[in-house]
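Asker: Just passing along the structure, written as structure tokens.
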Amino acid sequence: MNTHQLRYVKNLVVGCGLSGMVVAERIASQLGEPVLIIDKRAHIGGNIYDYKENGITIHQYGPHAFHTNIKHVWDYIQQFSDFYSFQLRVSAWIDGQAVPVPFNFNSMERLFPQFLAEKIQQKLITRFGYDVKVPILELRKENDADLAFLADFVYKNVFEGYTLKQWGLKPEEIDPTVTARVPIFVGRDDRYFQDKYQGIPLHGYTTMAEKMLEHPLIDVRLNTAWSQVKDTISYERLFYTGSIDEFFGYSEGVLPYRSLFFKKQELNHPYEQPTANLNYPCNYEWTRVCEPKYFLDEQTDHTVLMREYPQAFSLGKNEPYYPIANPDNNALYEKYLLKAKKLASVYFLGRLGDYKYYNMDQCIDRALCLFTQLLQQ
Ligand code: UDP
């Protein structure tokens, strides 16, 4: 790309992931204004990018199962794709077998003697009620001997090893909302999420992204990093979905992130795993293995596995995937936020721009809210 051709754009969006695409789509379709989106990667969609290979749609940056309770987000995203009705189920490899996670009554019955499973189930219902979620760090506060046994078992077999691999930290060392994403479930519901609306874009996320970007007022330039163009471009509004610390030249220090590395494997039989995701809290170096053909129920004679290896994030070496929420990091982020608030017409959003562990629906909701705020200015 010839950066000298770039001078003025009315709306500039940095990052062509979900957050950037939503804001661009709204500005083009609702305000009728031109938008330029740049992305340093060679493809659109950010981390929701997928591609079809030999009949299987591969989620390049890890499993993405869409779920939301926010009706306006669900209504919004339906404009760009039909959705295949998919409700994610996940297993964890515990004591040599794949059992449902979130850990629930079915998991207990697979792993514990019947009398013990029944006793614990009764106590859980008496203490918490039925069909409810209990975060592991809450369960660990219980004094009852049977509930304490359960808490220790689940802590050791589901959370401790996985969290050490994923974050390099013990479960109690990260923000409690992180492990609360995968609570103990008092009941038999084997689904990973209980949200009202769940599904996978029928023709994949990339096709949905193409539709979001279809408006003639949206121009996308790939292979274009912010650092390459920032001195040659002027704008009326800038929407920045990259790392907020990078935007400010790391002036307050580098915000910590976790990164990931994926290894793909092809197998010559139709299925390998009982569920789309199989987590390995206690074994191996990887955290989980995704078998993506489950997402759209793609019927093939072969299958593909994506093994997920967490890594430390290292500037310039790999990609920041997850912000690491804890009081120190949040305080550092607040310093950047103060700087951000002083900039007129620059808006930060997305997982990296807001330094928040957003799900896809939260990215959309955040971008839609930001657009509504713009309309009120
Ligand atoms: N987690 C765990 N064991 C599991 C699944 C999740 O310890 O089998 C913890 C771990 O700390 C993980 C967090 O719960 O980072 C959130 O899990 P989730 O599946 O939501 O992670 P994501 O899909 O966002 O990577």
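Following the order of the structure tokens, chains are lettered A, B, ..., residues in each are numbered from 1, and ligands are numbered from 1.
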I'd like a table as a Markdown table: residues in chain A with an atom no more than 9 Å from ligand 1, each row giving the shortest atom pair and its distance in Å to one decimal, only C-alpha atoms and all ligand atoms counted, sorted by chain and rising residue number.

Answerer:
```
| residue | atom | partner | partner_atom_place_in_ligand_line | distance |
| --- | --- | --- | --- | --- |
| A:Gly62 | CA | ligand 1 | 23 (O) | 8.1 |
| A:Pro63 | CA | ligand 1 | 23 (O) | 7.2 |
| A:His64 | CA | ligand 1 | 23 (O) | 7.8 |
| A:Val90 | CA | ligand 1 | 8 (O) | 8.3 |
| A:Ser91 | CA | ligand 1 | 8 (O) | 7.6 |
| A:Ala92 | CA | ligand 1 | 8 (O) | 5.8 |
| A:Trp93 | CA | ligand 1 | 8 (O) | 8.7 |
| A:Val101 | CA | ligand 1 | 8 (O) | 6.4 |
| A:Pro102 | CA | ligand 1 | 8 (O) | 7.5 |
| A:Phe103 | CA | ligand 1 | 8 (O) | 8.7 |
| A:Tyr155 | CA | ligand 1 | 7 (O) | 8.0 |
| A:Asn157 | CA | ligand 1 | 3 (N) | 8.3 |
| A:Val158 | CA | ligand 1 | 3 (N) | 4.7 |
| A:Phe159 | CA | ligand 1 | 7 (O) | 3.2 |
| A:Glu160 | CA | ligand 1 | 7 (O) | 6.0 |
| A:Gly161 | CA | ligand 1 | 7 (O) | 6.9 |
| A:Tyr162 | CA | ligand 1 | 7 (O) | 4.5 |
| A:Thr163 | CA | ligand 1 | 11 (O) | 4.0 |
| A:Leu164 | CA | ligand 1 | 11 (O) | 7.7 |
| A:Lys165 | CA | ligand 1 | 11 (O) | 8.6 |
| A:Gln166 | CA | ligand 1 | 15 (O) | 5.7 |
| A:Trp167 | CA | ligand 1 | 15 (O) | 6.8 |
| A:Leu169 | CA | ligand 1 | 11 (O) | 8.7 |
| A:Lys170 | CA | ligand 1 | 11 (O) | 8.3 |
| A:Pro171 | CA | ligand 1 | 11 (O) | 6.4 |
| A:Ile174 | CA | ligand 1 | 11 (O) | 8.1 |
| A:Thr177 | CA | ligand 1 | 16 (C) | 8.6 |
| A:Val178 | CA | ligand 1 | 13 (C) | 5.1 |
| A:Thr179 | CA | ligand 1 | 14 (O) | 4.0 |
| A:Ala180 | CA | ligand 1 | 14 (O) | 6.8 |
| A:Arg181 | CA | ligand 1 | 20 (O) | 5.2 |
| A:Val182 | CA | ligand 1 | 14 (O) | 5.3 |
| A:Pro183 | CA | ligand 1 | 14 (O) | 8.2 |
| A:Tyr192 | CA | ligand 1 | 19 (O) | 8.3 |
| A:Leu278 | CA | ligand 1 | 8 (O) | 8.3 |
| A:Asn279 | CA | ligand 1 | 8 (O) | 5.2 |
| A:Tyr280 | CA | ligand 1 | 8 (O) | 6.9 |
| A:Pro281 | CA | ligand 1 | 8 (O) | 5.9 |
| A:Thr287 | CA | ligand 1 | 8 (O) | 8.0 |
| A:Arg288 | CA | ligand 1 | 8 (O) | 8.1 |
| A:Tyr322 | CA | ligand 1 | 24 (O) | 8.1 |
| A:Tyr357 | CA | ligand 1 | 24 (O) | 7.7 |
| A:Tyr358 | CA | ligand 1 | 24 (O) | 8.5 |
| A:Asn359 | CA | ligand 1 | 24 (O) | 7.4 |
```

Asker: Name the residues in contact with range 338-342 of chain A at a cut-off of 9 Å, using only C-alpha atoms, excluding same-chain residues fewer than 5 positions from it; report them as a PyMOL selection string.

Answerer: chain A and resi 244+248+333+347-348

Asker: Give me the residues of range 53-90 of chain A that have any atom at most 10 Å from an atom of range 211-220 of chain A; for each, the nearest atom pair and the distance in Å, rounded to one decimal. Use only C-alpha atoms, sort by chain and number, and format it as a tab-separated table.

Answerer:
```
residue	atom	partner	partner_atom	distance
A:Ile77	CA	A:Met212	CA	9.0
A:Gln79	CA	A:Met212	CA	8.6
A:Phe80	CA	A:Lys211	CA	5.6
A:Ser81	CA	A:Lys211	CA	7.8
```

Asker: So that I can see what lies close to Arg127 in chain A, please list as a list in words the residues with an atom at most 12 Å from it, counting only C-alpha atoms and leaving out residues fewer than 2 positions away in the same chain.

Answerer: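 Everything that qualifies: Ile120, Gln121, Gln122, Lys123, Leu124, Ile125, Gly129, Tyr130, Val132, Lys133, Val134, Leu139, Glu142, Asn143, Asp144, Asp146, Leu147 and Val186 of chain A.
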
Asker: For CA of Ala276 in chain A and CA of Gly199 in chain A, quote the distance in Å rounded to one decimal.

Answerer: 13.4 Å

Asker: Skip Asp189 in chain A itself and residues of its chain fewer than 3 positions away, then list as a PDB file with N, CA and C atoms, in the first residue's frame all residues within 8 Å of it, counting only C-alpha atoms.

Answerer:
```
ATOM      1  N   ASN A 104     -20.657 -30.609  36.905  1.00  0.00           N
ATOM      2  CA  ASN A 104     -22.062 -30.634  37.321  1.00  0.00           C
ATOM      3  C   ASN A 104     -22.416 -32.011  37.869  1.00  0.00           C
ATOM      4  N   ASP A 131     -30.153 -25.759  39.705  1.00  0.00           N
ATOM      5  CA  ASP A 131     -29.956 -25.031  38.442  1.00  0.00           C
ATOM      6  C   ASP A 131     -29.285 -23.686  38.688  1.00  0.00           C
ATOM      7  N   PHE A 185     -21.759 -26.185  38.350  1.00  0.00           N
ATOM      8  CA  PHE A 185     -23.177 -26.041  38.029  1.00  0.00           C
ATOM      9  C   PHE A 185     -23.989 -27.025  38.872  1.00  0.00           C
TER      10      PHE A 185
END
```

Asker: Please identify all polymer residues within 8 Å of Asn47 in chain A, counting only C-alpha atoms, omitting same-chain residues fewer than 3 positions from it, and present them as a VMD selection string.

Answerer: chain A and resid 17 60 to 62

Asker: Counting only C-alpha atoms, which residue out of A:Glu291, A:Glu236, A:Asp82, A:Glu173 sits closest to Tyr8 in chain A?

Answerer: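 For Tyr8 in chain A, the nearest of the given residues is A:Glu236.
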
Asker: Using only C-alpha atoms, which of A:Ser243, A:Leu374, A:Ala325, A:Glu308 sits nearest Leu337 in chain A?

Answerer: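 Checking each of A:Ser243, A:Leu374, A:Ala325, A:Glu308 against Leu337 in chain A, counting only C-alpha atoms, the winner is A:Ser243.
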
Asker: Per DSSP on the backbone, filter range 80-323 of chain A down to the residues in strand (DSSP E) and report them as JSON, numbers by chain.

Answerer: {"A": [83, 84, 90, 91, 92, 93, 94, 97, 98, 99, 100, 101, 132, 133, 134, 184, 185, 186, 197, 198, 199, 200, 201, 218, 219, 220, 221, 234, 235, 236, 237, 238, 239, 240, 257, 258, 259, 260, 261, 262, 263, 264, 265, 266, 267, 277, 278, 279, 288, 289, 290, 303, 304, 305, 306, 307, 308, 309, 310, 311, 312, 322, 323]}

Asker: Find the residue from A:Gln273, A:Thr241, A:Gln362, A:Ser251 that sits nearest to His67 in chain A; use only C-alpha atoms when measuring.

Answerer: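 For His67 in chain A, the nearest of the given residues is A:Gln362.
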
Asker: What is the CA of Asp354 in chain A-CA of Val254 in chain A distance in Å, reported with one decimal?

Answerer: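 Result for CA of Asp354 in chain A versus CA of Val254 in chain A: 14.5 Å, one decimal.
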
Asker: With distances taken over only C-alpha atoms, which of A:Leu150, A:Ala209, A:Ile94, A:Leu238 is nearest to Lys119 in chain A?

Answerer: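 Result for the nearest residue to Lys119 in chain A: A:Leu150.
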
Asker: Name the closest residue to Pro201 in chain A among the candidates A:Tyr309, A:Tyr321, A:Phe86, A:Tyr355; distances are taken between atoms, counting only C-alpha atoms.

Answerer: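 Using only C-alpha atoms, Pro201 in chain A sits closest to A:Phe86.
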
Asker: With distances taken over only C-alpha atoms, which residue among A:Leu260, A:Leu88, A:Cys16, A:Leu332 lies nearest Ser314 in chain A?

Answerer: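 Comparing A:Leu260, A:Leu88, A:Cys16, A:Leu332 against Ser314 in chain A, the winner is A:Leu260.
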
Asker: Between CA of Gln373 in chain A and CA of Glu210 in chain A, measure the distance and give it in Å to one decimal.

Answerer: 25.6 Å
